[in-house]
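*Asks:* Below you will find the structure I want to go over with you.
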Amino acid sequence: MPITTAFETKIDRISILDEKGNFDEKLGKGLIPDTDLIKLYEAMVACRHLDEVAFRLQRSGRMGTYPQNMGQEATSLGAAYVLRQDDWLVTCYRENCGLFWRGVPKEAILLHWMGDERGNAMPRPHFATPIAVPLGTQMLHAAGLTLAAKYRGLDRIACTFFGDGASSEGDFHEACNFASNLEIPVVFVCQNNFWAISTPCKINSAAPTFAQRGIAYGMPCLQVDGNDLFATVYATRLASEYARKNKKPYFIEMVTYRLGDHTTADDAKRYRDQAEVDLWKSRDPITRIKNYMVARKLWDDAKEAALLERVERDNADAVSRAENITAPDRADFFNAMYEEVPADLAIQRDTMHTHSLGQDPSQLPPEAQARAREASIAAAQH
Ligand SMILES: Cc1ncc(C[n+]2csc(CCOP(=O)(O)OP(=O)(O)O)c2C)c(N)n1
Ligand SMILES: [Mg+2]
């Protein structure tokens with residue numbers, strides 16, 4: 001028998017506006033109206049500025065660990081711009097720009113990293129899920145949320161973001177398999193920023209692209225320049241239209257770069273070369289759009305100065321709202337978990353009024369006090 005070809009494919013790469021200012025008229029013309037482009041640029045500048053503010057908050061002890069988004073603003077923003085407001089945006093932790101575009105309040109993100117759970121209570125109209133720090137979990141949530149929408153006969157899709165490192169998690173493969181086999185319209189976006197903390201992406205995958213990970217699950221796949229806002233918009237439009245129409249998933253690899261440390265707890269100088277960082281600084285998504293707008297006389301120094309002034313004020317207000325939020329009620333810890341708090345948890349809730357670590361036994365009901373005494377005697381005898 002002759003050898004035949006069982007399967008053949010190719011993966012397209014989309015780039016519309018490169019770092020030298022070359023613009024592909026065929027793909028890019030009319031893609032983003034000028035008025036929108038200005039707003040999108042302003043959103044990226046505001047997000048970058050908040051990153052700097054958050055960094056300083058962490059350094060001055062007013063915030064816990066914070067992962068800067070610097071350099072990756074165009075990826076999630078392109079997607080958020082294209083998606084419908086009631087499509088799910090299911091993110092990781094470097095997608096602030098897309099979340100803010102949706103209307104998620106900036107203080108929600110600040111509160112999350114300040115360790116206040118209320119930062120995770122994403123307001124419903126934004127159809128966004130809380131920041132997912134456990135790697136890989138959110139892709140499964142995206143598949144589940146969209147399966148529920150499909151079951152209810154809704155025309156809703158999800159777009160989920162995850163890193164190159166997260167695409168090596170088992171959950172990622174389960175989510176892809178699940179979405180493909182059950183025909184769930186999820187747009188999977190792998191943000192390849194070349195690093196998973198100190199692990200270079202070559203160790204995460206021996207394949208030449210991350211885009212091809214989707215092929216194994218029968219998805220159409222695309223690679224785009226993730227620092228090119230036009231390309232991220234183009235790709236997400238293509239993918240979301242495909243997903244909505246065919247009720248099937250789509251896979252995009254957005255190639256970008258993490259310009260900052262992994263988080264404020266990291267020092268990337270210990271494992272990567274400055275020359276690499278400098279190369280990617282020259283490909284900055286924000287500078288690229290600014291240069292394009294200046295060349296087209298849509299933007300100038302006076303507009304930039306006015307924007308920076310506005311951004312500084314808005315971001316200072318967001319910090320103030322986050323820091324001045326009223327202290328949470330201790331009972332919320334229990335109340336937020338169940339529709340009706342089970343009896344045993346209600347006892348814990350009503351008796352956990354101590355200023356020391358742990359529970360004050362004298363506040364327990366008598367039988368519980370006796371049980372606690374027996375348990376402590378038993379523990380001492382061991
Ligand atoms: C399940 C799980 N394992 C390990 C970690 C610790 N961790 C946090 S971020 C990270 C690297 C993630 O890399 P990548 O997915 O490429 O995202 P990036 O940070 O580059 O945006 C690791 C290993 C975690 N948060 N969750
Ligand atoms: Mg990464």
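By order in the structure tokens, chains are A, B, ...; within a chain, residues start at 1; ligands start at 1, following the order shown.
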Would you kindly return, as a ChimeraX atom specification, each protein, DNA or RNA residue with an atom no farther than 12 Å from any atom of stretch 259-268 of chain A, considering only C-alpha atoms and excluding same-chain residues fewer than 4 positions away?
*Replies:* /A:48,51-52,54-61,63-73,93-94,113,133,163,193-200,227,272-285
*Asks:* Hey, what's within 12 Å of A:Arg310 if we count only C-alpha atoms and toss same-chain stuff fewer than 5 positions away? As a ChimeraX atom specification, please?
*Replies:* /A:42-43,45-46,49,303-305,315-317
*Asks:* Quick one: residues within 8 Å of A:Leu140, only C-alpha atoms counted, chain neighbours fewer than 4 positions away excluded, as a PyMOL selection string?
*Replies:* chain A and resi 136+144+171-172+174-175
*Asks:* Kindly indicate which residue among A:Ala206, A:Ala243, A:Val189, A:Cys92 lies nearest to ligand 1, using only C-alpha atoms and all ligand atoms for the distances.
*Replies:* A:Cys92
*Asks:* Just the number, please: distance in Å from atom CA of A:Gln191 to atom CA of A:Met254, one decimal.
*Replies:*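 Pair atom CA of A:Gln191 / atom CA of A:Met254 returns 5.0 Å.
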*Asks:* For A:Ser168, list every protein, DNA or RNA residue within 10 Å, evaluated using only C-alpha atoms, and leave out those in the same chain fewer than 6 positions away; present the list as a list of chain:residue names.
*Replies:*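 The residues that qualify are A:Leu135, A:Gly136, A:Ile203, A:Asn204, A:Ser205, A:Arg213.
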*Asks:* Using only C-alpha atoms, which of the listed residues (A:Tyr257, A:Tyr242, A:Phe7, A:Tyr151) sits closest to A:Gly226?
*Replies:*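 Closest to A:Gly226, using only C-alpha atoms: A:Tyr257.
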*Asks:* From the set A:Val341, A:Leu145, A:Ala318, A:Leu27, which residue has the shortest atom-to-atom contact distance to A:Ala158, counting only C-alpha atoms?
*Replies:*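 Of all the options, A:Leu145 lies closest to A:Ala158.
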*Asks:* Find the spatial neighbours of A:Leu222, counting only C-alpha atoms, within a cut-off of 10 Å - ignore same-chain residues fewer than 6 positions away - and output them as a PyMOL selection string.
*Replies:* chain A and resi 10-14+189+209-212+214+235-236+238-239+250-254
